[in-house]
file run_8.pdb (PDB, C-alpha atoms and all ligand atoms)
MODEL        1
ATOM      1  CA  MET A   1      87.691  79.214 161.319
ATOM      2  CA  GLU A   2      89.823  76.588 159.564
ATOM      3  CA  MET A   3      86.615  74.946 158.338
ATOM      4  CA  PHE A   4      85.431  78.320 156.898
ATOM      5  CA  ARG A   5      88.773  78.814 155.120
ATOM      6  CA  LEU A   6      88.568  75.351 153.544
ATOM      7  CA  VAL A   7      84.996  75.817 152.341
ATOM      8  CA  ARG A   8      85.909  79.215 150.874
ATOM      9  CA  GLN A   9      88.957  77.777 149.142
ATOM     10  CA  TRP A  10      86.741  75.124 147.581
ATOM     11  CA  LEU A  11      84.003  77.566 146.548
ATOM     12  CA  LEU A  12      86.167  80.297 144.976
ATOM     13  CA  PRO A  13      87.236  78.389 141.859
ATOM     14  CA  LEU A  14      83.601  77.341 141.357
ATOM     15  CA  LYS A  15      82.547  81.001 141.473
ATOM     16  CA  SER A  16      85.020  82.047 138.793
ATOM     17  CA  MET A  17      83.984  79.086 136.622
ATOM     18  CA  THR A  18      80.372  80.225 136.872
ATOM     19  CA  SER A  19      81.163  83.800 135.909
ATOM     20  CA  LYS A  20      83.235  82.580 132.962
ATOM     21  CA  SER A  21      80.331  80.620 131.547
ATOM     22  CA  ASN A  22      78.000  83.650 131.971
ATOM     23  CA  CYS A  23      78.162  86.180 129.088
ATOM     24  CA  ALA A  24      81.718  85.125 128.194
ATOM     25  CA  ALA A  25      82.780  86.464 131.598
ATOM     26  CA  VAL A  26      81.766  90.054 130.836
ATOM     27  CA  ASP A  27      79.693  91.655 133.561
ATOM     28  CA  LEU A  28      77.905  94.398 131.623
ATOM     29  CA  ASP A  29      76.268  95.852 134.750
ATOM     30  CA  LYS A  30      79.683  96.310 136.331
ATOM     31  CA  CYS A  31      81.106  97.794 133.107
ATOM     32  CA  TYR A  32      78.223 100.251 132.900
ATOM     33  CA  ALA A  33      78.487 101.260 136.570
ATOM     34  CA  GLN A  34      82.245 101.830 136.355
ATOM     35  CA  MET A  35      82.069 103.796 133.107
ATOM     36  CA  ASN A  36      79.357 106.027 134.564
ATOM     37  CA  GLN A  37      81.376 106.798 137.677
ATOM     38  CA  LEU A  38      84.555 107.488 135.728
ATOM     39  CA  VAL A  39      82.857 109.639 133.103
ATOM     40  CA  ASP A  40      81.314 111.755 135.896
ATOM     41  CA  LYS A  41      84.786 112.268 137.395
ATOM     42  CA  ALA A  42      86.277 113.078 133.998
ATOM     43  CA  ALA A  43      83.428 115.501 133.263
ATOM     44  CA  LYS A  44      84.322 117.531 136.385
ATOM     45  CA  LEU A  45      87.952 117.646 135.303
ATOM     46  CA  MET A  46      86.981 118.768 131.788
ATOM     47  CA  LYS A  47      84.602 121.471 133.028
ATOM     48  CA  GLU A  48      87.174 122.891 135.450
ATOM     49  CA  ALA A  49      89.830 122.902 132.731
ATOM     50  CA  SER A  50      87.485 124.728 130.357
ATOM     51  CA  THR A  51      87.497 127.794 132.611
ATOM     52  CA  LYS A  52      91.284 128.127 132.306
ATOM     53  CA  MET A  53      93.327 129.286 129.353
ATOM     54  CA  ARG A  54      93.595 126.369 126.974
ATOM     55  CA  LEU A  55      96.999 125.778 125.509
ATOM     56  CA  TYR A  56      97.196 123.237 122.760
ATOM     57  CA  ASP A  57      99.579 121.245 120.610
ATOM     58  CA  THR A  58      98.990 120.133 117.059
ATOM     59  CA  LYS A  59      99.193 116.531 115.874
ATOM     60  CA  GLY A  60     101.882 115.629 113.335
ATOM     61  CA  ASN A  61     102.093 118.296 110.683
ATOM     62  CA  ASN A  62      98.345 118.936 110.631
ATOM     63  CA  THR A  63      98.092 122.443 112.098
ATOM     64  CA  ALA A  64      94.300 122.151 112.422
ATOM     65  CA  ASP A  65      94.324 118.868 114.392
ATOM     66  CA  LEU A  66      94.491 120.057 118.017
ATOM     67  CA  VAL A  67      95.173 118.305 121.305
ATOM     68  CA  THR A  68      95.280 119.709 124.866
ATOM     69  CA  ALA A  69      96.690 118.462 128.164
ATOM     70  CA  THR A  70      93.072 117.906 129.227
ATOM     71  CA  ASP A  71      92.523 115.413 126.367
ATOM     72  CA  ARG A  72      95.420 113.375 127.754
ATOM     73  CA  GLU A  73      94.394 113.746 131.432
ATOM     74  CA  VAL A  74      90.800 112.702 130.752
ATOM     75  CA  GLU A  75      91.893 109.701 128.699
ATOM     76  CA  GLN A  76      94.372 108.624 131.380
ATOM     77  CA  LEU A  77      91.745 108.936 134.113
ATOM     78  CA  LEU A  78      89.262 106.817 132.142
ATOM     79  CA  ILE A  79      91.628 104.118 130.949
ATOM     80  CA  LYS A  80      93.512 103.787 134.249
ATOM     81  CA  GLY A  81      90.214 103.610 136.159
ATOM     82  CA  LEU A  82      88.684 101.035 133.818
ATOM     83  CA  LYS A  83      91.843  98.913 133.721
ATOM     84  CA  GLU A  84      91.736  98.533 137.514
ATOM     85  CA  HIS A  85      88.476  96.629 137.087
ATOM     86  CA  PHE A  86      88.947  95.145 133.625
ATOM     87  CA  PRO A  87      92.659  94.514 133.094
ATOM     88  CA  ASN A  88      92.086  92.053 130.250
ATOM     89  CA  HIS A  89      89.872  94.250 128.114
ATOM     90  CA  VAL A  90      91.144  96.041 124.998
ATOM     91  CA  TYR A  91      91.509  99.840 125.112
ATOM     92  CA  ILE A  92      91.510 102.125 122.070
ATOM     93  CA  GLY A  93      91.812 105.808 122.926
ATOM     94  CA  GLU A  94      92.351 108.780 120.646
ATOM     95  CA  GLU A  95      95.434 109.934 122.540
ATOM     96  CA  GLY A  96      97.065 106.503 122.599
ATOM     97  CA  THR A  97      96.950 106.000 126.397
ATOM     98  CA  GLY A  98      95.662 102.449 125.886
ATOM     99  CA  GLY A  99      98.113 101.494 123.127
ATOM    100  CA  ALA A 100      98.309 102.681 119.527
ATOM    101  CA  ALA A 101      95.229 104.683 118.554
ATOM    102  CA  THR A 102      95.117 103.343 115.001
ATOM    103  CA  GLY A 103      96.291 100.211 113.224
ATOM    104  CA  ARG A 104      94.440  97.842 115.557
ATOM    105  CA  LYS A 105      91.759  95.399 114.450
ATOM    106  CA  LEU A 106      88.405  95.327 116.198
ATOM    107  CA  THR A 107      87.941  91.793 117.537
ATOM    108  CA  ASP A 108      85.243  89.943 119.510
ATOM    109  CA  ALA A 109      87.106  90.838 122.724
ATOM    110  CA  PRO A 110      85.548  93.366 125.112
ATOM    111  CA  THR A 111      86.821  96.692 123.777
ATOM    112  CA  TRP A 112      86.585 100.222 125.163
ATOM    113  CA  ILE A 113      86.747 102.919 122.478
ATOM    114  CA  ILE A 114      87.332 106.339 123.981
ATOM    115  CA  ASP A 115      87.467 109.933 122.828
ATOM    116  CA  PRO A 116      88.454 111.938 125.918
ATOM    117  CA  ILE A 117      87.339 115.206 124.303
ATOM    118  CA  ASP A 118      85.437 115.032 121.053
ATOM    119  CA  GLY A 119      85.392 118.506 119.571
ATOM    120  CA  THR A 120      88.812 119.537 120.858
ATOM    121  CA  THR A 121      88.838 122.568 118.551
ATOM    122  CA  ASN A 122      85.573 123.776 120.141
ATOM    123  CA  PHE A 123      87.028 123.102 123.590
ATOM    124  CA  VAL A 124      90.125 125.168 122.822
ATOM    125  CA  HIS A 125      88.001 128.046 121.556
ATOM    126  CA  GLY A 126      85.526 127.946 124.439
ATOM    127  CA  LEU A 127      82.662 126.818 122.195
ATOM    128  CA  HIS A 128      80.723 124.542 124.496
ATOM    129  CA  TYR A 129      79.799 121.873 121.979
ATOM    130  CA  THR A 130      82.168 119.113 122.942
ATOM    131  CA  CYS A 131      81.934 115.871 124.921
ATOM    132  CA  ILE A 132      83.584 112.834 126.453
ATOM    133  CA  SER A 133      82.660 109.784 124.398
ATOM    134  CA  VAL A 134      82.998 106.209 125.680
ATOM    135  CA  GLY A 135      81.733 103.200 123.761
ATOM    136  CA  PHE A 136      82.011  99.598 124.963
ATOM    137  CA  TRP A 137      81.972  96.953 122.207
ATOM    138  CA  LEU A 138      81.667  93.191 122.553
ATOM    139  CA  ASN A 139      81.625  90.642 119.723
ATOM    140  CA  LYS A 140      82.109  93.579 117.339
ATOM    141  CA  GLN A 141      78.892  95.281 118.360
ATOM    142  CA  PRO A 142      78.226  98.276 120.601
ATOM    143  CA  GLU A 143      76.869  97.310 124.018
ATOM    144  CA  LEU A 144      77.235 100.438 126.173
ATOM    145  CA  ALA A 145      77.576 104.121 125.349
ATOM    146  CA  ILE A 146      78.046 107.425 127.136
ATOM    147  CA  CYS A 147      78.524 110.861 125.595
ATOM    148  CA  CYS A 148      78.800 113.526 128.257
ATOM    149  CA  ASN A 149      78.942 117.263 127.593
ATOM    150  CA  PRO A 150      79.609 118.799 131.013
ATOM    151  CA  MET A 151      79.604 122.350 129.609
ATOM    152  CA  ILE A 152      75.884 122.300 128.871
ATOM    153  CA  GLY A 153      74.987 119.545 131.343
ATOM    154  CA  GLN A 154      73.965 116.831 128.883
ATOM    155  CA  LYS A 155      74.796 113.193 129.574
ATOM    156  CA  PHE A 156      73.620 110.695 126.951
ATOM    157  CA  THR A 157      73.569 107.013 127.873
ATOM    158  CA  ALA A 158      72.539 103.790 126.179
ATOM    159  CA  ARG A 159      72.709 100.046 126.660
ATOM    160  CA  ARG A 160      71.926  97.725 123.772
ATOM    161  CA  ASN A 161      68.201  96.875 123.661
ATOM    162  CA  CYS A 162      67.447  99.203 126.590
ATOM    163  CA  GLY A 163      66.806 102.560 124.879
ATOM    164  CA  ALA A 164      68.737 105.830 124.819
ATOM    165  CA  TYR A 165      68.574 108.506 127.496
ATOM    166  CA  MET A 166      69.594 112.101 128.121
ATOM    167  CA  ASN A 167      70.100 112.877 131.806
ATOM    168  CA  GLY A 168      68.017 109.804 132.625
ATOM    169  CA  VAL A 169      65.056 110.746 130.405
ATOM    170  CA  GLN A 170      64.385 108.505 127.397
ATOM    171  CA  ILE A 171      65.024 110.131 124.014
ATOM    172  CA  GLU A 172      63.816 109.303 120.499
ATOM    173  CA  ALA A 173      64.993 110.198 117.013
ATOM    174  CA  SER A 174      62.676 112.597 115.154
ATOM    175  CA  GLY A 175      60.975 110.031 112.919
ATOM    176  CA  GLN A 176      61.475 112.348 109.931
ATOM    177  CA  THR A 177      61.236 110.519 106.591
ATOM    178  CA  ASP A 178      61.603 113.447 104.203
ATOM    179  CA  LEU A 179      64.949 115.054 103.375
ATOM    180  CA  GLU A 180      63.163 118.224 102.322
ATOM    181  CA  LYS A 181      61.914 118.692 105.894
ATOM    182  CA  SER A 182      65.181 117.791 107.609
ATOM    183  CA  ILE A 183      68.081 119.408 109.413
ATOM    184  CA  ILE A 184      71.236 117.638 108.273
ATOM    185  CA  LEU A 185      74.557 117.756 110.102
ATOM    186  CA  ASN A 186      78.001 117.516 108.540
ATOM    187  CA  GLU A 187      81.421 118.571 109.804
ATOM    188  CA  LEU A 188      83.434 121.399 108.269
ATOM    189  CA  ASN A 189      86.691 120.642 109.957
ATOM    190  CA  SER A 190      89.872 122.022 108.369
ATOM    191  CA  ALA A 191      91.883 119.084 109.737
ATOM    192  CA  ASN A 192      89.888 116.817 107.429
ATOM    193  CA  PHE A 193      89.714 118.976 104.312
ATOM    194  CA  GLU A 194      92.258 117.732 101.841
ATOM    195  CA  PRO A 195      92.495 120.320  99.037
ATOM    196  CA  GLU A 196      92.013 117.745  96.276
ATOM    197  CA  LEU A 197      88.791 116.537  97.921
ATOM    198  CA  MET A 198      87.364 119.991  98.590
ATOM    199  CA  ALA A 199      85.140 119.834  95.495
ATOM    200  CA  ILE A 200      83.508 116.616  96.736
ATOM    201  CA  GLN A 201      82.978 117.979 100.264
ATOM    202  CA  MET A 202      81.533 121.265  99.057
ATOM    203  CA  GLY A 203      79.555 119.585  96.278
ATOM    204  CA  ASN A 204      77.860 117.376  98.863
ATOM    205  CA  SER A 205      77.145 120.361 101.118
ATOM    206  CA  GLN A 206      75.581 122.192  98.187
ATOM    207  CA  LYS A 207      73.383 119.218  97.270
ATOM    208  CA  MET A 208      72.169 118.879 100.880
ATOM    209  CA  LEU A 209      71.507 122.633 101.088
ATOM    210  CA  GLU A 210      69.431 122.547  97.926
ATOM    211  CA  LYS A 211      67.155 119.877  99.437
ATOM    212  CA  ALA A 212      67.061 120.105 103.215
ATOM    213  CA  HIS A 213      65.688 122.741 105.606
ATOM    214  CA  ALA A 214      69.250 123.451 106.731
ATOM    215  CA  LEU A 215      72.775 122.127 106.948
ATOM    216  CA  ARG A 216      74.567 122.543 110.302
ATOM    217  CA  THR A 217      78.017 121.774 111.645
ATOM    218  CA  THR A 218      78.679 121.488 115.390
ATOM    219  CA  GLY A 219      82.391 120.641 115.617
ATOM    220  CA  SER A 220      81.818 117.324 117.363
ATOM    221  CA  ALA A 221      80.950 114.118 115.545
ATOM    222  CA  ALA A 222      79.844 112.472 118.802
ATOM    223  CA  MET A 223      77.506 115.369 119.616
ATOM    224  CA  ASP A 224      76.112 115.185 116.066
ATOM    225  CA  LEU A 225      75.085 111.598 116.759
ATOM    226  CA  CYS A 226      73.553 112.701 120.090
ATOM    227  CA  LEU A 227      71.548 115.380 118.256
ATOM    228  CA  VAL A 228      70.145 112.788 115.847
ATOM    229  CA  ALA A 229      69.390 110.489 118.802
ATOM    230  CA  MET A 230      67.471 113.218 120.665
ATOM    231  CA  GLY A 231      65.510 114.279 117.562
ATOM    232  CA  ALA A 232      67.029 117.791 117.374
ATOM    233  CA  ALA A 233      68.578 116.986 113.992
ATOM    234  CA  ASP A 234      67.345 114.447 111.467
ATOM    235  CA  GLY A 235      70.475 113.254 109.718
ATOM    236  CA  TYR A 236      74.262 113.396 109.841
ATOM    237  CA  TYR A 237      76.976 112.254 107.474
ATOM    238  CA  GLU A 238      80.745 112.526 107.581
ATOM    239  CA  PHE A 239      83.622 110.903 105.751
ATOM    240  CA  TYR A 240      86.482 111.278 108.230
ATOM    241  CA  PRO A 241      85.415 110.454 111.785
ATOM    242  CA  HIS A 242      87.575 108.005 113.710
ATOM    243  CA  CYS A 243      86.234 105.014 115.638
ATOM    244  CA  TRP A 244      86.496 106.954 118.911
ATOM    245  CA  ASP A 245      84.246 109.721 117.508
ATOM    246  CA  THR A 246      81.418 107.322 116.630
ATOM    247  CA  ALA A 247      81.765 104.221 118.888
ATOM    248  CA  ALA A 248      79.321 105.548 121.505
ATOM    249  CA  GLY A 249      77.050 107.728 119.364
ATOM    250  CA  VAL A 250      76.038 104.961 116.958
ATOM    251  CA  LEU A 251      74.459 102.999 119.813
ATOM    252  CA  LEU A 252      72.659 106.133 121.037
ATOM    253  CA  VAL A 253      71.135 106.691 117.577
ATOM    254  CA  ARG A 254      70.082 103.062 117.145
ATOM    255  CA  GLU A 255      68.623 102.824 120.647
ATOM    256  CA  ALA A 256      66.693 106.043 119.955
ATOM    257  CA  GLY A 257      65.106 104.379 116.906
ATOM    258  CA  GLY A 258      67.364 105.851 114.212
ATOM    259  CA  VAL A 259      69.646 104.107 111.736
ATOM    260  CA  VAL A 260      73.411 104.208 111.236
ATOM    261  CA  ILE A 261      74.793 103.040 107.889
ATOM    262  CA  ASP A 262      77.618 103.676 105.452
ATOM    263  CA  PRO A 263      77.283 106.906 103.388
ATOM    264  CA  ALA A 264      77.175 104.756 100.226
ATOM    265  CA  GLY A 265      74.497 102.485 101.773
ATOM    266  CA  GLY A 266      75.226  99.144 103.403
ATOM    267  CA  GLU A 267      76.538  98.368 106.838
ATOM    268  CA  PHE A 268      78.262 100.899 109.067
ATOM    269  CA  ASP A 269      81.863  99.940 109.800
ATOM    270  CA  VAL A 270      83.219 101.619 112.935
ATOM    271  CA  MET A 271      86.808 101.336 111.652
ATOM    272  CA  GLY A 272      85.950 102.650 108.180
ATOM    273  CA  ARG A 273      85.993 106.419 108.923
ATOM    274  CA  ARG A 274      82.629 106.901 107.218
ATOM    275  CA  VAL A 275      79.234 107.370 108.841
ATOM    276  CA  LEU A 276      75.666 108.267 107.987
ATOM    277  CA  ALA A 277      72.998 108.493 110.686
ATOM    278  CA  ALA A 278      69.338 109.203 110.062
ATOM    279  CA  ALA A 279      66.102 109.351 112.010
ATOM    280  CA  THR A 280      64.534 106.734 109.694
ATOM    281  CA  PRO A 281      65.673 104.253 107.013
ATOM    282  CA  GLN A 282      63.707 106.292 104.419
ATOM    283  CA  LEU A 283      65.663 109.456 105.220
ATOM    284  CA  GLY A 284      68.911 107.470 105.251
ATOM    285  CA  GLU A 285      68.137 106.174 101.735
ATOM    286  CA  GLN A 286      67.482 109.698 100.431
ATOM    287  CA  MET A 287      70.767 110.925 101.880
ATOM    288  CA  VAL A 288      72.675 107.999 100.349
ATOM    289  CA  LYS A 289      71.045 108.683  96.978
ATOM    290  CA  LEU A 290      71.919 112.363  97.141
ATOM    291  CA  LEU A 291      75.566 111.715  98.026
ATOM    292  CA  GLY A 292      75.666 109.247  95.128
ATOM    293  CA  ASP A 293      79.181 108.599  93.929
ATOM    294  CA  MET A 294      80.576 111.739  95.620
ATOM    295  CA  GLN A 295      82.228 109.510  98.230
ATOM    296  CA  ILE A 296      85.525 109.703 100.104
ATOM    297  CA  TYR A 297      87.413 106.617 101.290
ATOM    298  CA  HIS A 298      90.176 107.396 103.746
ATOM    299  CA  ALA A 299      92.842 105.171 105.352
ATOM    300  CA  ARG A 300      90.921 103.025 107.828
ATOM    301  CA  ASP A 301      91.460 103.109 111.594
ATOM    302  CA  ASP A 302      92.514  99.460 111.593
ATOM    303  CA  GLU A 303      95.242 100.085 109.039
ATOM    304  CA  PRO A 304      98.669 101.475 110.002
ATOM    305  CA  ALA A 305      98.508 105.278 110.211
ATOM    306  CA  PRO A 306      99.707 106.966 107.019
ATOM    307  CA  THR A 307     103.153 108.516 107.452
ATOM    308  CA  ASN A 308     102.988 112.200 106.586
TER     309      ASN A 308
HETATM  310  C1  LIG B   1      86.822 115.494 115.583
HETATM  311  C2  LIG B   1      85.463 116.126 115.710
HETATM  312  C3  LIG B   1      85.061 116.751 114.391
HETATM  313  C4  LIG B   1      85.057 115.752 113.269
HETATM  314  C5  LIG B   1      86.365 115.010 113.188
HETATM  315  C6  LIG B   1      86.753 114.433 114.540
HETATM  316  P1  LIG B   1      88.301 115.496 117.841
HETATM  317  O1  LIG B   1      87.196 114.883 116.800
HETATM  318  O2  LIG B   1      84.513 115.179 116.073
HETATM  319  O3  LIG B   1      83.785 117.276 114.474
HETATM  320  O4  LIG B   1      84.846 116.420 112.075
HETATM  321  O5  LIG B   1      86.224 114.006 112.215
HETATM  322  O6  LIG B   1      87.983 113.776 114.418
HETATM  323  O7  LIG B   1      89.596 115.546 117.103
HETATM  324  O8  LIG B   1      87.812 116.826 118.238
HETATM  325  O9  LIG B   1      88.288 114.501 118.940
ENDMDL
END
call {"tool": "encode", "arguments": {"input": "run_8.pdb", "output": "structure tokens", "more": "lines below"}}
Ligand code: IPD
result
Amino acid sequence: MEMFRLVRQWLLPLKSMTSKSNCAAVDLDKCYAQMNQLVDKAAKLMKEASTKMRLYDTKGNNTADLVTATDREVEQLLIKGLKEHFPNHVYIGEEGTGGAATGRKLTDAPTWIIDPIDGTTNFVHGLHYTCISVGFWLNKQPELAICCNPMIGQKFTARRNCGAYMNGVQIEASGQTDLEKSIILNELNSANFEPELMAIQMGNSQKMLEKAHALRTTGSAAMDLCLVAMGAADGYYEFYPHCWDTAAGVLLVREAGGVVIDPAGGEFDVMGRRVLAAATPQLGEQMVKLLGDMQIYHARDDEPAPTN
């Protein structure tokens, strides 16, 4: 027995050294397994809560930016559960359960970016287009993603270089290259419509409408990205989404063969509050060209939140 204890004592430090030299000590399989389990638990909680009357608060003095007790409960469940296994990872959650939601820089550290309920306004109104969104980033790139809409039974998953899936079945972006044959998504969310920028927002909508088959708005940025990933919509652009709205969906789109860029062209920046997703680079280019200089640049997520 004593011999066994001594051998174990000698082997344990060796084991941790080995895991440290592997993948900078991040066990992606374990991360993926834990996030799956926790999202399934959170999805049950969200679905049950959706059958009850949904009371809500508003954030700051923005009367159209809603939050419910369920947003907070789901975020707590996810972050507490993940922290038990990964205490040294970084946590960014919309409701601030893992530290300040904004004003934090994205680093190379393993980082969980979580929206407990994306599409809270839909959730409050009983419109079942809403989801839990969890993205795991490492070295400033998305590695793992889950968007789960328990209301309509859709769970989207992706791992970098392993494809994108809905309920375990592989999905692909539509492959559409022509804006004139596309469905484009954009969000008409009062919380984001600053009166002085209304002309730009509406001007862009008009330009898209004049070209595309249709312009749609779902009420959930994360679900918009899922729709592009599954080929049900061809493109999506928005100027205001936060990092927690897009952190998971961008990987889903890319793994489904689509592209995610900045609405003015160039690289997508998850902290930049600007996103454009398209089924193909050709469609992305046409969307960028159409938006032209009708662009909106908002305070970034890695800057201190504006005081209003
Ligand atoms: C919002 C939704 C909405 C989008 C906003 C998001 P929330 O997220 O995704 O569709 O227009 O930019 O902030 O507040 O419901 O989690």
call {"tool": "closest_residue", "arguments": {"input": "run_8.pdb", "among": "A:Phe136, A:Tyr165, A:Tyr237, A:Trp112", "to": "Gly265 (chain A)", "atoms": "only C-alpha atoms"}}
result
A:Tyr237
call {"tool": "closest_residue", "arguments": {"input": "run_8.pdb", "among": "A:Lys83, A:Met151, A:Ile183, A:Asn192", "to": "Thr63 (chain A)", "atoms": "only C-alpha atoms"}}
result
A:Asn192
call {"tool": "residues_near_ligand", "arguments": {"input": "run_8.pdb", "ligand": "ligand LIG 1 (chain B)", "cutoff": "7 Å", "atoms": "all atoms listed in the file", "output": "list in words"}}
result
Asp65, Leu66, Asp115, Ile117, Asp118, Gly119, Thr120, Thr121, Glu187, Leu188, Asn189, Asn192, Thr218, Gly219, Ser220, Ala221, Ala222, Tyr240, Pro241, His242 and Asp245 of chain A
call {"tool": "resolve_selection", "arguments": {"input": "run_8.pdb", "expression": "the PyMOL selection byres (((chain A and resi 273) around 8) and not hetatm)", "output": "ChimeraX atom specification"}}
result
/A:239-243,269-272,274-275,297-301
call {"tool": "residues_around", "arguments": {"input": "run_8.pdb", "residues": "region 252-261 of chain A", "least_positions_apart": "2", "cutoff": "9 Å", "atoms": "all atoms listed in the file", "output": "tab-separated table (two decimals) with C-alpha atoms, in the coordinates of the input"}}
result
chain	number	residue	atom	x	y	z
A	144	LEU	CA	77.24	100.44	126.17
A	145	ALA	CA	77.58	104.12	125.35
A	146	ILE	CA	78.05	107.42	127.14
A	147	CYS	CA	78.52	110.86	125.60
A	156	PHE	CA	73.62	110.70	126.95
A	157	THR	CA	73.57	107.01	127.87
A	158	ALA	CA	72.54	103.79	126.18
A	159	ARG	CA	72.71	100.05	126.66
A	160	ARG	CA	71.93	97.72	123.77
A	161	ASN	CA	68.20	96.88	123.66
A	162	CYS	CA	67.45	99.20	126.59
A	163	GLY	CA	66.81	102.56	124.88
A	164	ALA	CA	68.74	105.83	124.82
A	165	TYR	CA	68.57	108.51	127.50
A	170	GLN	CA	64.39	108.50	127.40
A	171	ILE	CA	65.02	110.13	124.01
A	172	GLU	CA	63.82	109.30	120.50
A	173	ALA	CA	64.99	110.20	117.01
A	174	SER	CA	62.68	112.60	115.15
A	175	GLY	CA	60.98	110.03	112.92
A	225	LEU	CA	75.08	111.60	116.76
A	226	CYS	CA	73.55	112.70	120.09
A	227	LEU	CA	71.55	115.38	118.26
A	228	VAL	CA	70.14	112.79	115.85
A	229	ALA	CA	69.39	110.49	118.80
A	230	MET	CA	67.47	113.22	120.66
A	231	GLY	CA	65.51	114.28	117.56
A	248	ALA	CA	79.32	105.55	121.50
A	249	GLY	CA	77.05	107.73	119.36
A	250	VAL	CA	76.04	104.96	116.96
A	263	PRO	CA	77.28	106.91	103.39
A	264	ALA	CA	77.18	104.76	100.23
A	265	GLY	CA	74.50	102.48	101.77
A	266	GLY	CA	75.23	99.14	103.40
A	267	GLU	CA	76.54	98.37	106.84
A	268	PHE	CA	78.26	100.90	109.07
A	269	ASP	CA	81.86	99.94	109.80
A	274	ARG	CA	82.63	106.90	107.22
A	275	VAL	CA	79.23	107.37	108.84
A	276	LEU	CA	75.67	108.27	107.99
A	277	ALA	CA	73.00	108.49	110.69
A	278	ALA	CA	69.34	109.20	110.06
A	279	ALA	CA	66.10	109.35	112.01
A	280	THR	CA	64.53	106.73	109.69
A	281	PRO	CA	65.67	104.25	107.01
A	284	GLY	CA	68.91	107.47	105.25
call {"tool": "residues_around", "arguments": {"input": "run_8.pdb", "residues": "Leu38 (chain A)", "least_positions_apart": "3", "cutoff": "9 Å", "atoms": "only C-alpha atoms", "output": "PDB file with C-alpha atoms, keeping the file's coordinate frame"}}
result
ATOM      1  CA  ALA A  33      78.487 101.260 136.570  1.00  0.00           C
ATOM      2  CA  GLN A  34      82.245 101.830 136.355  1.00  0.00           C
ATOM      3  CA  MET A  35      82.069 103.796 133.107  1.00  0.00           C
ATOM      4  CA  LYS A  41      84.786 112.268 137.395  1.00  0.00           C
ATOM      5  CA  ALA A  42      86.277 113.078 133.998  1.00  0.00           C
ATOM      6  CA  ALA A  43      83.428 115.501 133.263  1.00  0.00           C
ATOM      7  CA  LEU A  77      91.745 108.936 134.113  1.00  0.00           C
ATOM      8  CA  LEU A  78      89.262 106.817 132.142  1.00  0.00           C
ATOM      9  CA  GLY A  81      90.214 103.610 136.159  1.00  0.00           C
ATOM     10  CA  LEU A  82      88.684 101.035 133.818  1.00  0.00           C
TER      11      LEU A  82
END
call {"tool": "residues_around", "arguments": {"input": "run_8.pdb", "residues": "Lys80 (chain A)", "least_positions_apart": "5", "cutoff": "10 Å", "atoms": "all atoms listed in the file", "output": "list in words"}}
result
Leu38, Val74, Glu75, His85, Phe86, Pro87, Thr97 and Gly98 of chain A
call {"tool": "write_last_selection", "arguments": {"input": "run_8.pdb", "atoms": "C-alpha atoms", "output": "short mmCIF file (atom, residue, chain, number, x, y, z; two decimals), in the coordinates of the input"}}
result
data_model
loop_
_atom_site.label_atom_id
_atom_site.label_comp_id
_atom_site.auth_asym_id
_atom_site.auth_seq_id
_atom_site.Cartn_x
_atom_site.Cartn_y
_atom_site.Cartn_z
CA LEU A 38 84.56 107.49 135.73
CA VAL A 74 90.80 112.70 130.75
CA GLU A 75 91.89 109.70 128.70
CA HIS A 85 88.48 96.63 137.09
CA PHE A 86 88.95 95.14 133.62
CA PRO A 87 92.66 94.51 133.09
CA THR A 97 96.95 106.00 126.40
CA GLY A 98 95.66 102.45 125.89
#
call {"tool": "closest_residue", "arguments": {"input": "run_8.pdb", "among": "A:Ser190, A:Thr51, A:Ser182, A:Thr68", "to": "His213 (chain A)", "atoms": "all atoms listed in the file"}}
result
A:Ser182
call {"tool": "closest_residue", "arguments": {"input": "run_8.pdb", "among": "A:Tyr236, A:Tyr91, A:Tyr56, A:Tyr32", "to": "Met208 (chain A)", "atoms": "all atoms listed in the file"}}
result
A:Tyr236
call {"tool": "closest_residue", "arguments": {"input": "run_8.pdb", "among": "A:Asp71, A:Cys31, A:Asp302, A:Gly60", "to": "Val124 (chain A)", "atoms": "all atoms listed in the file"}}
result
A:Asp71
call {"tool": "build_atoms", "arguments": {"input": "run_8.pdb", "residues": "region 298-302 of chain A", "atoms": "N, CA, C and O atoms", "output": "short mmCIF file (atom, residue, chain, number, x, y, z; two decimals), keeping the file's coordinate frame"}}
result
data_model
loop_
_atom_site.label_atom_id
_atom_site.label_comp_id
_atom_site.auth_asym_id
_atom_site.auth_seq_id
_atom_site.Cartn_x
_atom_site.Cartn_y
_atom_site.Cartn_z
N HIS A 298 88.92 107.00 103.11
CA HIS A 298 90.18 107.40 103.75
C HIS A 298 90.88 106.16 104.28
O HIS A 298 90.26 105.09 104.38
N ALA A 299 92.15 106.28 104.68
CA ALA A 299 92.84 105.17 105.35
C ALA A 299 92.04 104.78 106.58
O ALA A 299 91.64 105.64 107.37
N ARG A 300 91.77 103.50 106.75
CA ARG A 300 90.92 103.02 107.83
C ARG A 300 91.64 103.12 109.19
O ARG A 300 92.86 103.17 109.24
N ASP A 301 90.85 103.08 110.26
CA ASP A 301 91.46 103.11 111.59
C ASP A 301 92.18 101.81 111.94
O ASP A 301 93.01 101.79 112.85
N ASP A 302 91.83 100.72 111.27
CA ASP A 302 92.51 99.46 111.59
C ASP A 302 93.69 99.18 110.66
O ASP A 302 94.25 98.09 110.68
#
